[in-house]
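Novice: Sharing coords29.cif below, mmCIF, C-alpha atoms:
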data_final
loop_
_atom_site.group_PDB
_atom_site.id
_atom_site.type_symbol
_atom_site.label_atom_id
_atom_site.label_comp_id
_atom_site.auth_asym_id
_atom_site.auth_seq_id
_atom_site.Cartn_x
_atom_site.Cartn_y
_atom_site.Cartn_z
ATOM 1 C CA MET A 1 -78.395 82.071 20.383
ATOM 2 C CA PHE A 2 -80.085 84.707 22.542
ATOM 3 C CA THR A 3 -79.297 87.220 25.293
ATOM 4 C CA GLY A 4 -82.257 86.817 27.649
ATOM 5 C CA ILE A 5 -83.472 90.358 26.914
ATOM 6 C CA ILE A 6 -87.154 89.917 26.040
ATOM 7 C CA SER A 7 -88.308 91.969 23.061
ATOM 8 C CA ASP A 8 -92.008 91.048 22.937
ATOM 9 C CA LEU A 9 -94.636 89.756 25.337
ATOM 10 C CA GLY A 10 -96.627 87.508 23.019
ATOM 11 C CA ARG A 11 -99.590 85.185 23.511
ATOM 12 C CA ILE A 12 -100.536 81.678 22.476
ATOM 13 C CA ARG A 13 -103.208 81.822 19.772
ATOM 14 C CA SER A 14 -103.757 78.066 19.469
ATOM 15 C CA VAL A 15 -102.339 74.659 20.383
ATOM 16 C CA ALA A 16 -102.832 71.594 18.181
ATOM 17 C CA SER A 17 -101.750 68.388 19.908
ATOM 18 C CA GLY A 18 -100.551 65.153 18.361
ATOM 19 C CA GLY A 19 -97.335 63.235 19.044
ATOM 20 C CA GLY A 20 -95.963 66.693 19.849
ATOM 21 C CA ALA A 21 -97.730 70.007 19.333
ATOM 22 C CA ARG A 22 -98.030 72.826 16.828
ATOM 23 C CA ILE A 23 -98.334 76.146 18.608
ATOM 24 C CA VAL A 24 -99.340 79.440 17.009
ATOM 25 C CA PHE A 25 -97.950 82.544 18.727
ATOM 26 C CA GLU A 26 -99.340 86.070 18.421
ATOM 27 C CA SER A 27 -96.536 88.631 18.325
ATOM 28 C CA ALA A 28 -95.822 92.292 17.686
ATOM 29 C CA PHE A 29 -92.721 91.230 15.710
ATOM 30 C CA ASP A 30 -92.596 92.185 12.041
ATOM 31 C CA THR A 31 -93.161 88.609 10.928
ATOM 32 C CA ALA A 32 -92.446 89.528 7.296
ATOM 33 C CA SER A 33 -88.808 89.976 8.365
ATOM 34 C CA ILE A 34 -88.636 86.545 10.027
ATOM 35 C CA ALA A 35 -87.318 83.810 7.754
ATOM 36 C CA MET A 36 -88.925 80.388 7.671
ATOM 37 C CA GLY A 37 -86.715 78.158 9.797
ATOM 38 C CA ALA A 38 -85.597 81.063 12.009
ATOM 39 C CA SER A 39 -85.166 80.492 15.744
ATOM 40 C CA ILE A 40 -87.248 82.375 18.308
ATOM 41 C CA ALA A 41 -86.961 81.869 22.065
ATOM 42 C CA CYS A 42 -90.450 81.337 23.481
ATOM 43 C CA SER A 43 -90.327 81.632 27.289
ATOM 44 C CA GLY A 44 -86.783 80.376 27.030
ATOM 45 C CA ILE A 45 -87.370 77.500 24.575
ATOM 46 C CA CYS A 46 -85.598 77.832 21.231
ATOM 47 C CA LEU A 47 -88.258 77.052 18.611
ATOM 48 C CA THR A 48 -88.166 76.961 14.819
ATOM 49 C CA VAL A 49 -90.596 79.051 12.776
ATOM 50 C CA VAL A 50 -92.489 76.654 10.487
ATOM 51 C CA ASP A 51 -95.332 78.939 9.376
ATOM 52 C CA LYS A 52 -96.165 82.632 9.735
ATOM 53 C CA GLY A 53 -98.491 85.448 8.793
ATOM 54 C CA PRO A 54 -99.115 89.055 9.815
ATOM 55 C CA GLY A 55 -98.838 89.207 13.613
ATOM 56 C CA TRP A 56 -98.276 85.485 14.146
ATOM 57 C CA PHE A 57 -95.872 82.572 13.695
ATOM 58 C CA ALA A 58 -96.104 78.838 14.353
ATOM 59 C CA SER A 59 -93.652 76.273 15.711
ATOM 60 C CA ASP A 60 -93.721 72.516 16.138
ATOM 61 C CA LEU A 61 -92.743 71.108 19.543
ATOM 62 C CA SER A 62 -91.509 67.563 20.041
ATOM 63 C CA ALA A 63 -92.674 65.253 22.832
ATOM 64 C CA GLU A 64 -89.208 65.746 24.387
ATOM 65 C CA THR A 65 -89.673 69.530 24.548
ATOM 66 C CA LEU A 66 -93.144 69.144 26.033
ATOM 67 C CA ALA A 67 -91.822 66.745 28.693
ATOM 68 C CA ARG A 68 -88.857 68.925 29.746
ATOM 69 C CA SER A 69 -90.412 72.392 29.784
ATOM 70 C CA THR A 70 -93.555 74.295 30.714
ATOM 71 C CA ALA A 71 -94.779 74.163 27.098
ATOM 72 C CA ALA A 72 -97.189 71.344 27.992
ATOM 73 C CA ASP A 73 -98.973 73.892 30.251
ATOM 74 C CA TRP A 74 -99.524 76.403 27.433
ATOM 75 C CA ARG A 75 -103.092 77.110 26.324
ATOM 76 C CA ALA A 76 -104.740 79.716 24.106
ATOM 77 C CA GLY A 77 -104.225 83.066 25.827
ATOM 78 C CA THR A 78 -101.080 82.095 27.762
ATOM 79 C CA ALA A 79 -98.560 84.965 27.823
ATOM 80 C CA VAL A 80 -95.111 84.062 26.461
ATOM 81 C CA ASN A 81 -91.756 85.892 26.566
ATOM 82 C CA LEU A 82 -90.391 86.218 23.019
ATOM 83 C CA GLU A 83 -86.895 87.005 21.786
ATOM 84 C CA ARG A 84 -85.516 86.804 18.255
ATOM 85 C CA SER A 85 -82.092 85.265 17.818
ATOM 86 C CA LEU A 86 -78.906 87.316 17.837
ATOM 87 C CA LYS A 87 -77.209 88.566 14.714
ATOM 88 C CA LEU A 88 -73.474 89.161 14.559
ATOM 89 C CA GLY A 89 -72.833 92.657 15.857
ATOM 90 C CA ASP A 90 -75.960 92.813 18.051
ATOM 91 C CA GLU A 91 -75.630 94.163 21.576
ATOM 92 C CA LEU A 92 -75.294 91.408 24.175
ATOM 93 C CA GLY A 93 -77.477 92.944 26.864
ATOM 94 C CA GLY A 94 -77.951 89.921 29.142
ATOM 95 C CA HIS A 95 -75.835 86.771 28.970
ATOM 96 C CA LEU A 96 -75.462 84.039 26.358
ATOM 97 C CA VAL A 97 -78.707 82.073 26.374
ATOM 98 C CA PHE A 98 -79.074 79.042 24.122
ATOM 99 C CA GLY A 99 -82.777 78.262 24.473
ATOM 100 C CA HIS A 100 -81.957 74.759 25.725
ATOM 101 C CA VAL A 101 -84.136 74.412 28.823
ATOM 102 C CA ASP A 102 -82.459 72.404 31.593
ATOM 103 C CA GLY A 103 -85.566 71.876 33.685
ATOM 104 C CA VAL A 104 -88.634 73.356 35.295
ATOM 105 C CA GLY A 105 -88.819 75.331 38.532
ATOM 106 C CA ALA A 106 -91.656 77.112 40.289
ATOM 107 C CA LEU A 107 -92.165 80.501 41.907
ATOM 108 C CA ALA A 108 -92.261 80.000 45.682
ATOM 109 C CA GLU A 109 -92.344 83.572 47.025
ATOM 110 C CA ARG A 110 -92.959 87.086 45.703
ATOM 111 C CA HIS A 111 -92.024 90.152 47.784
ATOM 112 C CA PRO A 112 -92.098 93.886 46.998
ATOM 113 C CA ASP A 113 -88.642 95.488 47.267
ATOM 114 C CA GLY A 114 -89.175 99.217 46.803
ATOM 115 C CA GLU A 115 -90.362 99.560 43.190
ATOM 116 C CA SER A 116 -88.837 96.181 42.332
ATOM 117 C CA LEU A 117 -89.860 92.601 43.117
ATOM 118 C CA ARG A 118 -87.856 89.879 44.848
ATOM 119 C CA LEU A 119 -88.792 86.465 43.495
ATOM 120 C CA VAL A 120 -87.799 83.157 45.084
ATOM 121 C CA PHE A 121 -87.906 80.088 42.845
ATOM 122 C CA GLN A 122 -87.704 76.404 43.738
ATOM 123 C CA ALA A 123 -85.442 74.395 41.451
ATOM 124 C CA PRO A 124 -84.547 70.717 41.065
ATOM 125 C CA ALA A 125 -81.486 69.835 43.180
ATOM 126 C CA GLU A 126 -79.424 68.808 40.143
ATOM 127 C CA LEU A 127 -79.879 72.300 38.687
ATOM 128 C CA LEU A 128 -79.656 74.267 41.909
ATOM 129 C CA ARG A 129 -76.119 73.005 42.505
ATOM 130 C CA LEU A 130 -75.119 74.834 39.288
ATOM 131 C CA VAL A 131 -76.644 78.186 40.334
ATOM 132 C CA ALA A 132 -74.182 80.694 41.826
ATOM 133 C CA VAL A 133 -74.694 83.965 43.669
ATOM 134 C CA LYS A 134 -74.120 86.859 41.209
ATOM 135 C CA GLY A 135 -74.059 84.331 38.386
ATOM 136 C CA SER A 136 -76.615 84.457 35.576
ATOM 137 C CA LEU A 137 -79.408 82.138 34.597
ATOM 138 C CA ALA A 138 -82.480 82.350 32.372
ATOM 139 C CA VAL A 139 -85.942 82.098 33.949
ATOM 140 C CA ASP A 140 -88.607 81.725 31.235
ATOM 141 C CA GLY A 141 -85.976 83.129 28.875
ATOM 142 C CA VAL A 142 -85.250 86.234 30.986
ATOM 143 C CA SER A 143 -81.562 86.791 31.824
ATOM 144 C CA LEU A 144 -81.301 87.391 35.576
ATOM 145 C CA PRO A 145 -78.471 87.711 38.103
ATOM 146 C CA VAL A 146 -78.858 85.581 41.229
ATOM 147 C CA ASN A 147 -79.104 87.325 44.624
ATOM 148 C CA ARG A 148 -79.079 84.306 46.870
ATOM 149 C CA VAL A 149 -79.008 80.500 46.751
ATOM 150 C CA ASP A 150 -80.544 78.456 49.566
ATOM 151 C CA ASP A 151 -79.594 74.801 49.118
ATOM 152 C CA ALA A 152 -81.447 73.754 52.279
ATOM 153 C CA ALA A 153 -84.703 75.310 51.045
ATOM 154 C CA GLY A 154 -84.071 74.185 47.462
ATOM 155 C CA GLY A 155 -84.297 77.585 45.868
ATOM 156 C CA PHE A 156 -82.730 80.806 44.640
ATOM 157 C CA GLU A 157 -83.701 84.482 44.710
ATOM 158 C CA VAL A 158 -83.640 87.128 41.990
ATOM 159 C CA THR A 159 -84.815 90.742 41.817
ATOM 160 C CA ILE A 160 -86.689 92.160 38.854
ATOM 161 C CA VAL A 161 -86.965 95.884 38.189
ATOM 162 C CA PRO A 162 -90.295 97.486 37.175
ATOM 163 C CA HIS A 163 -89.459 97.388 33.454
ATOM 164 C CA THR A 164 -88.833 93.618 33.589
ATOM 165 C CA ALA A 165 -92.044 93.125 35.574
ATOM 166 C CA ARG A 166 -94.024 94.966 32.867
ATOM 167 C CA ALA A 167 -92.235 93.593 29.810
ATOM 168 C CA THR A 168 -92.149 89.890 30.755
ATOM 169 C CA THR A 169 -94.380 87.202 32.223
ATOM 170 C CA LEU A 170 -92.445 87.356 35.509
ATOM 171 C CA GLY A 171 -94.388 90.405 36.690
ATOM 172 C CA GLN A 172 -97.644 88.437 36.381
ATOM 173 C CA SER A 173 -96.354 85.269 38.030
ATOM 174 C CA ARG A 174 -97.757 84.074 41.337
ATOM 175 C CA PRO A 175 -96.557 81.397 43.776
ATOM 176 C CA GLY A 176 -96.914 78.027 42.088
ATOM 177 C CA THR A 177 -96.275 79.384 38.573
ATOM 178 C CA ARG A 178 -93.991 76.950 36.733
ATOM 179 C CA VAL A 179 -91.008 78.392 34.837
ATOM 180 C CA ASN A 180 -88.372 77.164 32.406
ATOM 181 C CA LEU A 181 -84.814 77.253 33.752
ATOM 182 C CA GLU A 182 -81.616 77.404 31.724
ATOM 183 C CA ILE A 183 -78.345 77.240 33.628
ATOM 184 C CA ASP A 184 -75.423 79.349 32.423
ATOM 185 C CA MET A 185 -73.475 77.445 29.752
ATOM 186 C CA LEU A 186 -70.159 77.852 31.579
ATOM 187 C CA ALA A 187 -71.577 76.015 34.615
ATOM 188 C CA ARG A 188 -72.697 73.128 32.388
ATOM 189 C CA TYR A 189 -69.207 72.628 30.967
ATOM 190 C CA VAL A 190 -67.503 72.945 34.341
ATOM 191 C CA GLN A 191 -69.858 70.301 35.738
ATOM 192 C CA ARG A 192 -69.119 68.002 32.777
ATOM 193 C CA LEU A 193 -65.366 68.383 33.217
ATOM 194 C CA LEU A 194 -65.532 67.762 36.970
ATOM 195 C CA ALA A 195 -67.731 64.694 36.440
ATOM 196 C CA LYS A 196 -64.956 63.100 34.360
ATOM 197 C CA ASP A 197 -62.518 63.102 37.320
#
Is it possible to give me this structure as structure tokens?
Specialist:
Amino acid sequence: MFTGIISDLGRIRSVASGGGARIVFESAFDTASIAMGASIACSGICLTVVDKGPGWFASDLSAETLARSTAADWRAGTAVNLERSLKLGDELGGHLVFGHVDGVGALAERHPDGESLRLVFQAPAELLRLVAVKGSLAVDGVSLPVNRVDDAAGGFEVTIVPHTARATTLGQSRPGTRVNLEIDMLARYVQRLLAKD
């Protein structure tokens, strides 16, 4: 489990494809303190550490993960938002993020807003119906409150402050950039309960 507060802006070192993929991530994390089998959110995808060394760790991705996320787009040099999993007693700075990507959206618009940036993302209709104004969602693993939802245009708007722009991939994103979306867990369960009626 994660909070959506990114603690390292890492990079892809290499991608080895097969039925899935093995991806090696470069990171400023103290990898000696990361246990084999630990979970790390990589641009919002919860991945298991299967190998590691000084300044890097590797994870295996299934064909399912590649099909349902932006991971299939990753190449050597791609920047990735990284967050280690929570420990009991850690500060919950964002919202509860599980690393279970619901789908892929894309940046549609980028507008300066003082020192901040307003970003408008397109989202699949089945996910957009679960996004609420002032609710939370994770975009590439970053916990963000929603400013506005436009069902007719098929998108939602968020604002990122300068720190978030510098410390995450969102500051580098341009219109057309694909992003992983994770809907707030509460919305998922409410939808499931309402679907049973």
Novice: A:Ser143, A:Ser33, A:Thr168, A:Thr177: which is nearest Phe121 of chain A, counting all atoms listed in the file?
Specialist: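 Using all atoms listed in the file, Phe121 of chain A sits closest to A:Thr177.
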Novice: With distances taken over all atoms listed in the file, which of A:Thr3, A:Thr169, A:Thr31, A:Ser17 is nearest to Val97 of chain A?
Specialist: A:Thr3
Novice: Evaluate the PyMOL selection byres ((chain A and resi 124-137) around 10) on the structure here and hand back the selected residues as a PyMOL selection string.
Specialist: chain A and resi 4+94-97+102-106+122-123+138-152+154-158+181-188+190-191
Novice: Excluding Ala71 of chain A and any residue of its chain fewer than 6 positions from it, enumerate the residues within 12 Å of it, using all atoms listed in the file, and give them as number ranges by chain.
Specialist: A: 12, 15, 17, 20-23, 42-47, 59-65, 78-80, 101, 103-104, 140, 178-180
Novice: For C-alpha atoms, I'd like the residues from the last selection saved as an mmCIF file, in the frame of the given file.
Specialist:
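Everything below was put into result_9.cif:
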data_model
loop_
_atom_site.group_PDB
_atom_site.id
_atom_site.type_symbol
_atom_site.label_atom_id
_atom_site.label_comp_id
_atom_site.auth_asym_id
_atom_site.auth_seq_id
_atom_site.Cartn_x
_atom_site.Cartn_y
_atom_site.Cartn_z
ATOM 1 C CA ILE A 12 -100.536 81.678 22.476
ATOM 2 C CA VAL A 15 -102.339 74.659 20.383
ATOM 3 C CA SER A 17 -101.750 68.388 19.908
ATOM 4 C CA GLY A 20 -95.963 66.693 19.849
ATOM 5 C CA ALA A 21 -97.730 70.007 19.333
ATOM 6 C CA ARG A 22 -98.030 72.826 16.828
ATOM 7 C CA ILE A 23 -98.334 76.146 18.608
ATOM 8 C CA CYS A 42 -90.450 81.337 23.481
ATOM 9 C CA SER A 43 -90.327 81.632 27.289
ATOM 10 C CA GLY A 44 -86.783 80.376 27.030
ATOM 11 C CA ILE A 45 -87.370 77.500 24.575
ATOM 12 C CA CYS A 46 -85.598 77.832 21.231
ATOM 13 C CA LEU A 47 -88.258 77.052 18.611
ATOM 14 C CA SER A 59 -93.652 76.273 15.711
ATOM 15 C CA ASP A 60 -93.721 72.516 16.138
ATOM 16 C CA LEU A 61 -92.743 71.108 19.543
ATOM 17 C CA SER A 62 -91.509 67.563 20.041
ATOM 18 C CA ALA A 63 -92.674 65.253 22.832
ATOM 19 C CA GLU A 64 -89.208 65.746 24.387
ATOM 20 C CA THR A 65 -89.673 69.530 24.548
ATOM 21 C CA THR A 78 -101.080 82.095 27.762
ATOM 22 C CA ALA A 79 -98.560 84.965 27.823
ATOM 23 C CA VAL A 80 -95.111 84.062 26.461
ATOM 24 C CA VAL A 101 -84.136 74.412 28.823
ATOM 25 C CA GLY A 103 -85.566 71.876 33.685
ATOM 26 C CA VAL A 104 -88.634 73.356 35.295
ATOM 27 C CA ASP A 140 -88.607 81.725 31.235
ATOM 28 C CA ARG A 178 -93.991 76.950 36.733
ATOM 29 C CA VAL A 179 -91.008 78.392 34.837
ATOM 30 C CA ASN A 180 -88.372 77.164 32.406
#
Novice: Determine the residue membership of the PyMOL selection byres ((chain A and resi 175) around 8) for the file above and supply it as a PyMOL selection string.
Specialist: chain A and resi 106-110+173-174+176-177
Novice: On this structure, which residues satisfy the PyMOL selection byres ((chain A and resi 8) around 8), written as a list of chain:residue names?
Specialist: A:Ile6, A:Ser7, A:Leu9, A:Gly10, A:Ser27, A:Ala28, A:Phe29, A:Asn81, A:Leu82, A:Glu83, A:Ala167, A:Thr168
Novice: Using only C-alpha atoms, which residue out of A:Ala16, A:Leu170, A:Leu119, A:Leu194 lies closest to Ala72 of chain A?
Specialist: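 Closest candidate: A:Ala16.
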Novice: Atom CA of Phe25 of chain A and atom CA of Gly171 of chain A, how far apart in Å?
Specialist: 19.9 Å
Novice: Calculated over only C-alpha atoms, which of the candidates A:Asp30, A:Ala165, A:Arg11, A:Leu66 has the smallest distance to Gly53 of chain A?
Specialist: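 With only C-alpha atoms as the atom set, the closest residue is A:Asp30.
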Novice: With distances taken over all atoms listed in the file, which of A:Ala58, A:Leu193, A:Ala67, A:Ile160 is nearest to Glu26 of chain A?
Specialist: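 Of A:Ala58, A:Leu193, A:Ala67, A:Ile160, the one nearest Glu26 of chain A, counting all atoms listed in the file, is A:Ala58.
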Novice: For atom CA of Leu92 of chain A and atom CA of His111 of chain A, quote the distance in Å rounded to one decimal.
Specialist: 29.0 Å
Novice: Between A:Ile34, A:Ala153, A:Ile40, A:Val161, which one has atoms that come closest to Arg84 of chain A, using only C-alpha atoms?
Specialist: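 Smallest separation from Arg84 of chain A among the options: A:Ile40.
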Novice: Output requested as a JSON list (two decimals), keeping the file's coordinate frame - segment 39-51 of chain A, filled out with N, CA, C and O atoms.
Specialist:
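After the write, selection.json holds the following:
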[["chain", "number", "residue", "atom", "x", "y", "z"],
["A", 39, "SER", "N", -84.99, 80.87, 14.34],
["A", 39, "SER", "CA", -85.17, 80.49, 15.74],
["A", 39, "SER", "C", -85.70, 81.67, 16.54],
["A", 39, "SER", "O", -85.22, 82.79, 16.41],
["A", 40, "ILE", "N", -86.70, 81.39, 17.38],
["A", 40, "ILE", "CA", -87.25, 82.38, 18.31],
["A", 40, "ILE", "C", -87.33, 81.70, 19.67],
["A", 40, "ILE", "O", -87.81, 80.57, 19.78],
["A", 41, "ALA", "N", -86.85, 82.39, 20.70],
["A", 41, "ALA", "CA", -86.96, 81.87, 22.06],
["A", 41, "ALA", "C", -88.35, 82.22, 22.59],
["A", 41, "ALA", "O", -88.74, 83.38, 22.61],
["A", 42, "CYS", "N", -89.09, 81.19, 22.99],
["A", 42, "CYS", "CA", -90.45, 81.34, 23.48],
["A", 42, "CYS", "C", -90.46, 80.90, 24.94],
["A", 42, "CYS", "O", -90.39, 79.71, 25.23],
["A", 43, "SER", "N", -90.49, 81.89, 25.85],
["A", 43, "SER", "CA", -90.33, 81.63, 27.29],
["A", 43, "SER", "C", -89.12, 80.74, 27.54],
["A", 43, "SER", "O", -89.16, 79.80, 28.34],
["A", 44, "GLY", "N", -88.05, 81.05, 26.81],
["A", 44, "GLY", "CA", -86.78, 80.38, 27.03],
["A", 44, "GLY", "C", -86.54, 79.15, 26.19],
["A", 44, "GLY", "O", -85.45, 78.57, 26.23],
["A", 45, "ILE", "N", -87.52, 78.69, 25.41],
["A", 45, "ILE", "CA", -87.37, 77.50, 24.58],
["A", 45, "ILE", "C", -87.06, 77.94, 23.16],
["A", 45, "ILE", "O", -87.85, 78.67, 22.54],
["A", 46, "CYS", "N", -85.95, 77.50, 22.61],
["A", 46, "CYS", "CA", -85.60, 77.83, 21.23],
["A", 46, "CYS", "C", -86.49, 77.02, 20.29],
["A", 46, "CYS", "O", -86.42, 75.79, 20.26],
["A", 47, "LEU", "N", -87.34, 77.71, 19.53],
["A", 47, "LEU", "CA", -88.26, 77.05, 18.61],
["A", 47, "LEU", "C", -88.03, 77.54, 17.19],
["A", 47, "LEU", "O", -87.60, 78.67, 16.97],
["A", 48, "THR", "N", -88.35, 76.68, 16.24],
["A", 48, "THR", "CA", -88.17, 76.96, 14.82],
["A", 48, "THR", "C", -89.48, 77.44, 14.22],
["A", 48, "THR", "O", -90.53, 76.82, 14.42],
["A", 49, "VAL", "N", -89.41, 78.53, 13.47],
["A", 49, "VAL", "CA", -90.60, 79.05, 12.78],
["A", 49, "VAL", "C", -90.90, 78.15, 11.58],
["A", 49, "VAL", "O", -90.06, 77.99, 10.68],
["A", 50, "VAL", "N", -92.10, 77.56, 11.58],
["A", 50, "VAL", "CA", -92.49, 76.65, 10.49],
["A", 50, "VAL", "C", -93.63, 77.22, 9.64],
["A", 50, "VAL", "O", -93.93, 76.70, 8.56],
["A", 51, "ASP", "N", -94.27, 78.27, 10.12],
["A", 51, "ASP", "CA", -95.33, 78.94, 9.38],
["A", 51, "ASP", "C", -95.48, 80.34, 9.97],
["A", 51, "ASP", "O", -95.08, 80.57, 11.12]]
